[in-house]
>>> print(open('input.tsv').read())   # TSV, C-alpha atoms and all ligand atoms
chain	number	residue	atom	x	y	z
A	76	MET	CA	28.63	35.90	43.38
A	77	ASN	CA	31.90	34.15	42.53
A	78	LEU	CA	34.03	33.59	45.60
A	79	ILE	CA	37.39	32.19	46.56
A	80	LEU	CA	38.14	31.00	50.09
A	81	LEU	CA	41.82	31.17	50.95
A	82	GLY	CA	43.53	29.98	54.10
A	83	ALA	CA	45.78	27.30	55.51
A	84	PRO	CA	44.56	23.70	55.67
A	85	GLY	CA	42.36	23.53	58.75
A	86	ALA	CA	41.57	27.26	58.81
A	87	GLY	CA	37.91	26.34	58.45
A	88	LYS	CA	37.40	26.98	54.72
A	89	GLY	CA	35.20	23.92	54.27
A	90	THR	CA	32.94	24.79	57.19
A	91	GLN	CA	32.59	28.40	56.08
A	92	ALA	CA	31.98	27.28	52.50
A	93	GLU	CA	28.96	25.31	53.79
A	94	VAL	CA	27.69	28.40	55.62
A	95	ILE	CA	28.00	30.59	52.52
A	96	CYS	CA	26.47	27.85	50.40
A	97	ASP	CA	23.36	27.82	52.64
A	98	HIS	CA	23.27	31.61	52.74
A	99	LEU	CA	23.67	32.39	49.05
A	100	GLN	CA	22.43	29.10	47.56
A	101	ILE	CA	25.51	28.69	45.42
A	102	PRO	CA	27.62	25.52	45.26
A	103	ALA	CA	30.88	25.06	47.14
A	104	LEU	CA	33.51	23.47	44.91
A	105	SER	CA	36.23	21.74	46.89
A	106	THR	CA	39.11	20.31	44.89
A	107	GLY	CA	40.08	18.33	48.01
A	108	ASN	CA	36.62	16.70	48.17
A	109	ILE	CA	36.62	15.99	44.42
A	110	LEU	CA	40.06	14.33	44.70
A	111	ARG	CA	39.07	12.33	47.80
A	112	GLU	CA	35.95	11.11	45.99
A	113	ALA	CA	38.07	10.06	42.99
A	114	LEU	CA	40.38	8.23	45.38
A	115	LYS	CA	37.44	6.43	46.98
A	116	GLN	CA	36.09	5.42	43.57
A	117	GLY	CA	39.56	4.23	42.52
A	118	THR	CA	39.53	6.27	39.30
A	119	GLU	CA	42.64	7.12	37.31
A	120	LEU	CA	42.51	10.65	38.74
A	121	GLY	CA	42.33	9.27	42.27
A	122	LEU	CA	45.30	6.98	41.72
A	123	LYS	CA	47.31	9.85	40.24
A	124	ALA	CA	46.52	12.10	43.24
A	125	LYS	CA	46.94	9.56	46.04
A	126	SER	CA	50.66	9.78	46.75
A	127	TYR	CA	50.64	13.58	46.73
A	128	MET	CA	47.65	13.77	49.05
A	129	ASP	CA	48.90	11.14	51.48
A	130	GLY	CA	52.23	12.98	51.74
A	131	GLY	CA	50.62	16.38	52.28
A	132	LYS	CA	51.96	17.66	48.93
A	133	LEU	CA	50.03	19.51	46.26
A	134	VAL	CA	48.64	17.58	43.32
A	135	PRO	CA	50.20	18.94	40.07
A	136	ASP	CA	48.66	22.17	38.81
A	137	GLU	CA	47.51	20.77	35.46
A	138	VAL	CA	45.46	18.06	37.19
A	139	VAL	CA	43.51	20.41	39.49
A	140	ILE	CA	43.15	23.09	36.83
A	141	ALA	CA	41.49	20.55	34.53
A	142	ILE	CA	39.13	19.49	37.36
A	143	ILE	CA	38.01	23.05	38.08
A	144	LYS	CA	37.73	23.98	34.42
A	145	GLU	CA	35.29	21.15	33.87
A	146	ARG	CA	33.39	21.66	37.14
A	147	LEU	CA	32.78	25.35	36.42
A	148	THR	CA	30.88	24.46	33.26
A	149	ALA	CA	28.15	22.66	35.26
A	150	PRO	CA	24.75	24.42	35.27
A	151	ASP	CA	24.73	24.83	39.07
A	152	CYS	CA	27.61	27.33	38.77
A	153	GLU	CA	25.59	29.72	36.61
A	154	ASN	CA	24.58	31.95	39.53
A	155	GLY	CA	27.89	31.83	41.28
A	156	PHE	CA	30.14	29.46	43.20
A	157	ILE	CA	32.53	29.20	46.11
A	158	LEU	CA	36.01	27.87	45.40
A	159	ASP	CA	37.28	26.07	48.50
A	160	GLY	CA	40.90	24.96	48.19
A	161	PHE	CA	41.47	26.29	44.68
A	162	PRO	CA	43.57	28.11	43.63
A	163	ARG	CA	46.46	27.01	45.83
A	164	THR	CA	49.37	28.22	43.69
A	165	VAL	CA	50.00	31.32	41.60
A	166	PRO	CA	49.90	29.32	38.32
A	167	GLN	CA	46.43	27.99	39.35
A	168	ALA	CA	45.22	31.57	39.93
A	169	GLN	CA	46.65	32.60	36.57
A	170	ALA	CA	44.87	29.66	34.92
A	171	LEU	CA	41.57	30.80	36.45
A	172	ASP	CA	42.15	34.28	35.04
A	173	ALA	CA	43.03	32.79	31.66
A	174	MET	CA	39.67	30.93	31.67
A	175	GLY	CA	37.99	34.34	31.89
A	176	VAL	CA	36.44	33.54	35.28
A	177	ARG	CA	35.35	36.71	37.11
A	178	ILE	CA	36.06	36.67	40.82
A	179	ASP	CA	34.03	39.03	43.03
A	180	ARG	CA	35.65	38.42	46.39
A	181	VAL	CA	38.51	36.50	47.93
A	182	ILE	CA	38.10	35.77	51.63
A	183	ASP	CA	41.26	34.75	53.42
A	184	ILE	CA	40.67	33.04	56.78
A	185	GLU	CA	43.73	33.54	58.97
A	186	VAL	CA	44.57	31.12	61.77
A	187	PRO	CA	48.01	30.75	63.47
A	188	ASP	CA	49.90	27.51	62.77
A	189	GLU	CA	49.74	26.28	66.42
A	190	LYS	CA	45.96	26.56	66.35
A	191	ILE	CA	45.82	24.73	63.02
A	192	GLU	CA	47.79	21.78	64.40
A	193	GLN	CA	45.45	21.63	67.38
A	194	ARG	CA	42.35	21.90	65.21
A	195	LEU	CA	43.31	19.31	62.62
A	196	SER	CA	44.01	16.67	65.23
A	197	GLY	CA	40.35	16.91	66.30
A	198	ARG	CA	38.85	17.27	62.86
A	199	ARG	CA	36.49	14.59	61.58
A	200	VAL	CA	34.92	14.48	58.14
A	201	CYS	CA	31.98	12.57	56.76
A	202	GLU	CA	33.08	9.76	54.46
A	203	SER	CA	29.89	10.12	52.43
A	204	CYS	CA	29.15	13.84	52.01
A	205	GLY	CA	32.39	15.52	53.14
A	206	ALA	CA	30.76	17.58	55.93
A	207	SER	CA	33.30	18.70	58.48
A	208	TYR	CA	33.19	18.40	62.30
A	209	HIS	CA	35.51	18.90	65.24
A	210	MET	CA	35.57	16.70	68.34
A	211	LEU	CA	35.69	19.79	70.61
A	212	TYR	CA	34.45	22.77	68.65
A	213	LYS	CA	31.80	21.32	66.37
A	214	PRO	CA	30.91	17.75	67.33
A	215	SER	CA	28.22	15.87	65.44
A	216	ALA	CA	25.09	15.18	67.53
A	217	VAL	CA	25.97	11.47	67.68
A	218	ALA	CA	29.71	10.67	67.85
A	219	GLY	CA	30.96	9.21	64.57
A	220	VAL	CA	27.73	9.89	62.66
A	221	CYS	CA	27.21	12.77	60.21
A	222	ASP	CA	24.33	15.13	61.16
A	223	LYS	CA	23.59	15.80	57.51
A	224	CYS	CA	23.53	12.39	55.86
A	225	GLY	CA	24.08	9.77	58.58
A	226	GLY	CA	27.44	8.70	57.07
A	227	ASN	CA	30.50	7.78	59.15
A	228	THR	CA	32.71	10.64	60.35
A	229	VAL	CA	36.42	9.74	60.35
A	230	GLN	CA	39.86	11.32	60.70
A	231	ARG	CA	41.49	12.12	57.38
A	232	LYS	CA	44.76	10.33	56.74
A	233	ASP	CA	46.44	13.66	56.01
A	234	ASP	CA	45.31	15.12	59.35
A	235	HIS	CA	47.99	13.12	61.19
A	236	PRO	CA	50.60	15.42	62.83
A	237	ASP	CA	53.60	14.86	60.49
A	238	THR	CA	51.50	15.33	57.39
A	239	VAL	CA	49.87	18.42	58.90
A	240	ARG	CA	53.31	20.00	59.38
A	241	GLU	CA	54.17	19.24	55.75
A	242	ARG	CA	50.86	20.70	54.56
A	243	LEU	CA	51.51	23.88	56.53
A	244	ALA	CA	54.99	24.22	55.03
A	245	VAL	CA	53.51	23.77	51.55
A	246	TYR	CA	50.82	26.33	52.37
A	247	HIS	CA	53.33	28.99	53.43
A	248	GLU	CA	55.57	28.39	50.46
A	249	GLN	CA	53.07	27.94	47.63
A	250	THR	CA	49.64	29.23	48.67
A	251	GLU	CA	50.34	32.23	50.86
A	252	PRO	CA	51.72	34.25	47.89
A	253	LEU	CA	48.12	34.29	46.61
A	254	LYS	CA	47.31	36.87	49.27
A	255	ASP	CA	49.57	39.33	47.42
A	256	TYR	CA	48.16	38.21	44.10
A	257	TYR	CA	44.58	39.02	45.11
A	258	GLU	CA	45.47	42.03	47.24
A	259	LYS	CA	46.57	43.66	44.00
A	260	THR	CA	43.13	43.06	42.44
A	261	GLY	CA	41.44	44.81	45.40
A	262	LYS	CA	39.22	41.74	45.99
A	263	LEU	CA	40.93	40.40	49.12
A	264	VAL	CA	39.22	40.54	52.52
A	265	ILE	CA	41.06	39.10	55.53
A	266	VAL	CA	39.01	37.44	58.27
A	267	GLU	CA	40.63	36.39	61.55
A	268	GLY	CA	39.45	32.85	62.38
A	269	GLN	CA	37.72	32.90	65.78
A	270	GLU	CA	37.53	30.34	68.57
A	271	GLU	CA	33.80	29.84	67.87
A	272	VAL	CA	32.88	28.71	64.36
A	273	SER	CA	29.72	30.87	64.43
A	274	ASP	CA	31.79	33.99	65.22
A	275	THR	CA	33.97	33.32	62.17
A	276	SER	CA	30.83	32.79	60.08
A	277	GLU	CA	29.52	36.17	61.15
A	278	LEU	CA	32.76	37.83	60.00
A	279	VAL	CA	32.71	35.87	56.74
A	280	LEU	CA	29.11	36.88	55.96
A	281	LYS	CA	30.03	40.48	56.78
A	282	ALA	CA	32.97	40.21	54.37
A	283	LEU	CA	30.50	39.21	51.63
A	284	ARG	CA	28.59	42.44	52.18
A	285	ALA	CA	31.73	44.60	52.32
B	1	LIG	P1	42.00	19.93	51.15
B	1	LIG	O1	40.87	19.05	51.51
B	1	LIG	O2	41.56	21.18	50.45
B	1	LIG	O3	42.91	20.22	52.33
B	1	LIG	O4	42.89	19.12	50.08
B	1	LIG	C1	43.46	17.87	50.40
B	1	LIG	C2	44.63	17.58	49.48
B	1	LIG	O5	44.17	17.55	48.12
B	1	LIG	C3	45.74	18.61	49.50
B	1	LIG	O6	46.66	18.41	50.56
B	1	LIG	C4	46.37	18.38	48.13
B	1	LIG	O7	47.15	17.20	48.12
B	1	LIG	C5	45.14	18.12	47.26
B	1	LIG	N1	44.60	19.37	46.70
B	1	LIG	C6	43.38	19.92	46.93
B	1	LIG	N2	43.21	21.07	46.26
B	1	LIG	C7	44.37	21.27	45.58
B	1	LIG	C8	44.85	22.28	44.70
B	1	LIG	N3	44.10	23.35	44.39
B	1	LIG	N4	46.09	22.14	44.18
B	1	LIG	C9	46.86	21.06	44.45
B	1	LIG	N5	46.49	20.09	45.29
B	1	LIG	C10	45.25	20.17	45.85
>>> encode(input="input.tsv", output="structure tokens")
Amino acid sequence: MNLILLGAPGAGKGTQAEVICDHLQIPALSTGNILREALKQGTELGLKAKSYMDGGKLVPDEVVIAIIKERLTAPDCENGFILDGFPRTVPQAQALDAMGVRIDRVIDIEVPDEKIEQRLSGRRVCESCGASYHMLYKPSAVAGVCDKCGGNTVQRKDDHPDTVRERLAVYHEQTEPLKDYYEKTGKLVIVEGQEEVSDTSELVLKALRA
């Protein structure tokens, strides 16, 4: 199954991508994680993306399109994949179509902006494997240590309040139009993000069966 997860930053796409990944045994491809890894490694791609990411802006379409185009050719995508954080603009969605990529379902996780701001301030991510936690809603067993790989969990630079507001503005302006785009294809399923992560997961897994 080829899936897209849509939703504002902090709507829980990454967490739900992990749940689907375990459930369907297909890889979750996060452009955000790929870019953060490039940044950490100090590659040319990372350097190019840094100022956009730090400011809460989108990295130029051609950069992320090239990343996804290459990633989708890897053998682990043969039986399906979950796109988490891509596409984020209409031209990115059009590029995916132009690559001839079939999309089976688009799950949009809806969370009000006030909730997002509250959630992102408590979010922590693993520096090593990218797993996502929340200080209140989904703490790691040992504070600051990733349950999955033992890496350090830290606050992302772009989860600071001013940058979060910018990311939300960018989301509403550039990413939200994708709901219309995929509504027209009949593939869109809207899931209301719940207080409990596991309740959202239940709705997401149900959306896969719909
Ligand atoms: P994320 O972890 O998905 O919230 O992504 C973190 C940051 O990476 C975003 O704020 C953007 O700067 C950049 N980014 C990730 N995915 C995309 C994309 N599809 N298009 C443009 N920029 C992206």
>>> closest_residue(input="input.tsv", among="A:Val229, A:Ala170, A:Leu283, A:Val264", to="A:Arg199", atoms="all atoms listed in the file")
A:Val229
>>> closest_atom_pairs(input="input.tsv", of="chain A", to="ligand LIG 1 (chain B)", cutoff="8 Å", atoms="all atoms listed in the file", output="CSV")
residue,atom,partner,partner_atom,distance
A:Pro84,CA,B:LIG1,O3,5.1
A:Gly85,CA,B:LIG1,O3,7.2
A:Gly89,CA,B:LIG1,O2,7.9
A:Ser105,CA,B:LIG1,O2,6.4
A:Thr106,CA,B:LIG1,N2,4.4
A:Gly107,CA,B:LIG1,O4,3.6
A:Asn108,CA,B:LIG1,O1,5.9
A:Leu110,CA,B:LIG1,O5,6.2
A:Arg111,CA,B:LIG1,O5,7.3
A:Ala124,CA,B:LIG1,O7,7.1
A:Lys125,CA,B:LIG1,O7,7.9
A:Tyr127,CA,B:LIG1,O7,5.2
A:Met128,CA,B:LIG1,O7,3.6
A:Asp129,CA,B:LIG1,O7,7.1
A:Gly130,CA,B:LIG1,O7,7.5
A:Gly131,CA,B:LIG1,O6,4.8
A:Lys132,CA,B:LIG1,O7,4.9
A:Leu133,CA,B:LIG1,N5,3.7
A:Val134,CA,B:LIG1,N5,3.8
A:Pro135,CA,B:LIG1,C9,5.9
A:Asp136,CA,B:LIG1,N4,6.0
A:Val138,CA,B:LIG1,C9,8.0
A:Val139,CA,B:LIG1,N4,5.6
A:Ile140,CA,B:LIG1,N3,7.6
A:Asp159,CA,B:LIG1,O2,6.8
A:Gly160,CA,B:LIG1,O2,4.5
A:Phe161,CA,B:LIG1,N3,4.0
A:Pro162,CA,B:LIG1,N3,4.8
A:Arg163,CA,B:LIG1,N3,4.6
A:Thr164,CA,B:LIG1,N4,6.9
A:Gln167,CA,B:LIG1,N3,7.2
A:Asp233,CA,B:LIG1,O6,7.2
A:Arg242,CA,B:LIG1,O6,6.2
>>> atom_distance(input="input.tsv", atom1="atom CA of A:Gly82", atom2="atom CA of A:Lys144")
21.4 Å
>>> residues_around(input="input.tsv", residues="A:Gly268", least_positions_apart="3", cutoff="9 Å", atoms="all atoms listed in the file", output="NGL selection string")
:A and (86-87 or 184-187 or 271-272 or 274-276 or 278)
>>> residues_around(input="input.tsv", residues="stretch 208-217 of chain A", least_positions_apart="3", cutoff="12 Å", atoms="only C-alpha atoms", output="JSON, numbers by chain")
{"A": [85, 87, 89, 90, 91, 93, 193, 194, 195, 196, 197, 198, 199, 200, 201, 202, 204, 205, 220, 221, 222, 223, 224, 225, 226, 227, 228, 229, 230, 231, 269, 270, 271, 272, 273]}
>>> closest_residue(input="input.tsv", among="A:Leu120, A:Ala113, A:Ala92, A:Ala149", to="A:Ile79", atoms="all atoms listed in the file")
A:Ala92
>>> closest_residue(input="input.tsv", among="A:Ile109, A:Val181, A:Leu78, A:Val176", to="A:Ile142", atoms="only C-alpha atoms")
A:Ile109
>>> closest_residue(input="input.tsv", among="A:Gln100, A:Ser203, A:Asn154, A:Thr260", to="A:Lys115", atoms="all atoms listed in the file")
A:Ser203
>>> atom_distance(input="input.tsv", atom1="atom CA of A:Ala285", atom2="atom CA of A:Glu153")
22.5 Å
>>> closest_residue(input="input.tsv", among="A:Ile95, A:Met76, A:Ala168, A:Ala103", to="A:Asp255", atoms="only C-alpha atoms")
A:Ala168
>>> decode(input="input.tsv", residues="stretch 188-202 of chain A", atoms="all heavy atoms", output="compact mmCIF listing (two decimals), in the first residue's frame")
# COMPACT_ATOMS: atom_id res chain seq x y z
N ASP A 188 -4.84 24.47 15.73
CA ASP A 188 -3.55 25.15 15.92
C ASP A 188 -3.13 25.28 17.40
O ASP A 188 -1.96 25.09 17.74
CB ASP A 188 -3.60 26.56 15.31
CG ASP A 188 -3.49 26.53 13.80
OD1 ASP A 188 -3.51 25.42 13.23
OD2 ASP A 188 -3.39 27.61 13.19
N GLU A 189 -4.10 25.61 18.28
CA GLU A 189 -3.75 25.81 19.71
C GLU A 189 -3.15 24.53 20.29
O GLU A 189 -2.19 24.55 21.05
CB GLU A 189 -4.96 26.19 20.58
CG GLU A 189 -5.89 27.24 20.02
CD GLU A 189 -6.83 26.66 18.97
OE1 GLU A 189 -7.76 25.91 19.32
OE2 GLU A 189 -6.61 26.99 17.79
N LYS A 190 -3.75 23.41 19.89
CA LYS A 190 -3.27 22.11 20.38
C LYS A 190 -1.85 21.83 19.86
O LYS A 190 -0.99 21.31 20.56
CB LYS A 190 -4.20 21.00 19.88
CG LYS A 190 -5.38 20.73 20.77
CD LYS A 190 -5.08 19.52 21.66
CE LYS A 190 -5.86 19.56 22.96
NZ LYS A 190 -7.29 19.56 22.77
N ILE A 191 -1.64 22.22 18.59
CA ILE A 191 -0.34 21.98 17.95
C ILE A 191 0.74 22.73 18.74
O ILE A 191 1.80 22.18 19.05
CB ILE A 191 -0.35 22.53 16.51
CG1 ILE A 191 -1.36 21.78 15.65
CG2 ILE A 191 1.04 22.55 15.91
CD1 ILE A 191 -0.87 20.60 14.93
N GLU A 192 0.45 24.00 19.07
CA GLU A 192 1.46 24.81 19.76
C GLU A 192 1.81 24.17 21.10
O GLU A 192 2.97 24.09 21.49
CB GLU A 192 0.94 26.24 19.94
CG GLU A 192 0.86 26.95 18.59
CD GLU A 192 0.47 28.42 18.70
OE1 GLU A 192 0.75 29.05 19.72
OE2 GLU A 192 -0.12 28.93 17.73
N GLN A 193 0.76 23.67 21.76
CA GLN A 193 0.94 23.02 23.06
C GLN A 193 1.75 21.72 22.90
O GLN A 193 2.68 21.45 23.65
CB GLN A 193 -0.46 22.69 23.55
CG GLN A 193 -0.65 22.32 24.98
CD GLN A 193 -2.13 21.88 25.16
OE1 GLN A 193 -3.00 22.16 24.35
NE2 GLN A 193 -2.39 21.18 26.21
N ARG A 194 1.40 20.97 21.86
CA ARG A 194 2.07 19.69 21.65
C ARG A 194 3.55 19.84 21.31
O ARG A 194 4.40 19.12 21.80
CB ARG A 194 1.44 18.96 20.47
CG ARG A 194 0.17 18.26 20.81
CD ARG A 194 -0.22 17.50 19.58
NE ARG A 194 -1.48 16.83 19.75
CZ ARG A 194 -1.93 15.93 18.89
NH1 ARG A 194 -1.22 15.62 17.83
NH2 ARG A 194 -3.08 15.35 19.10
N LEU A 195 3.83 20.80 20.39
CA LEU A 195 5.21 20.90 19.91
C LEU A 195 6.16 21.36 21.01
O LEU A 195 7.33 20.99 21.01
CB LEU A 195 5.31 21.82 18.69
CG LEU A 195 4.69 21.24 17.43
CD1 LEU A 195 4.97 22.13 16.23
CD2 LEU A 195 5.21 19.84 17.15
N SER A 196 5.62 22.15 21.96
CA SER A 196 6.52 22.61 23.03
C SER A 196 6.98 21.43 23.89
O SER A 196 8.04 21.49 24.50
CB SER A 196 5.84 23.68 23.88
OG SER A 196 4.67 23.14 24.46
N GLY A 197 6.19 20.35 23.92
CA GLY A 197 6.59 19.19 24.73
C GLY A 197 7.20 18.07 23.92
O GLY A 197 7.57 17.02 24.46
N ARG A 198 7.31 18.28 22.62
CA ARG A 198 7.82 17.19 21.78
C ARG A 198 9.32 17.01 21.97
O ARG A 198 10.08 17.97 22.10
CB ARG A 198 7.53 17.49 20.31
CG ARG A 198 8.16 16.45 19.39
CD ARG A 198 7.52 16.39 18.07
NE ARG A 198 7.93 17.47 17.18
CZ ARG A 198 7.57 17.53 15.90
NH1 ARG A 198 6.81 16.60 15.38
NH2 ARG A 198 7.97 18.54 15.15
N ARG A 199 9.75 15.77 21.97
CA ARG A 199 11.17 15.44 22.00
C ARG A 199 11.42 14.37 20.94
O ARG A 199 10.59 13.49 20.76
CB ARG A 199 11.60 14.88 23.37
CG ARG A 199 11.41 15.87 24.53
CD ARG A 199 12.36 17.08 24.42
NE ARG A 199 12.21 18.03 25.50
CZ ARG A 199 11.38 19.07 25.48
NH1 ARG A 199 10.60 19.29 24.45
NH2 ARG A 199 11.32 19.90 26.51
N VAL A 200 12.54 14.49 20.23
CA VAL A 200 12.84 13.49 19.22
C VAL A 200 14.22 12.89 19.46
O VAL A 200 15.10 13.54 20.03
CB VAL A 200 12.79 14.07 17.78
CG1 VAL A 200 11.38 14.45 17.38
CG2 VAL A 200 13.71 15.26 17.65
N CYS A 201 14.36 11.64 19.03
CA CYS A 201 15.64 10.97 19.22
C CYS A 201 16.64 11.48 18.19
O CYS A 201 16.35 11.48 16.99
CB CYS A 201 15.47 9.47 19.08
SG CYS A 201 17.05 8.62 19.15
N GLU A 202 17.79 11.90 18.67
CA GLU A 202 18.84 12.42 17.78
C GLU A 202 19.36 11.34 16.84
O GLU A 202 19.85 11.63 15.76
CB GLU A 202 20.04 12.86 18.63
CG GLU A 202 19.94 14.23 19.22
CD GLU A 202 21.21 14.57 20.00
OE1 GLU A 202 21.79 13.65 20.65
OE2 GLU A 202 21.62 15.72 19.95
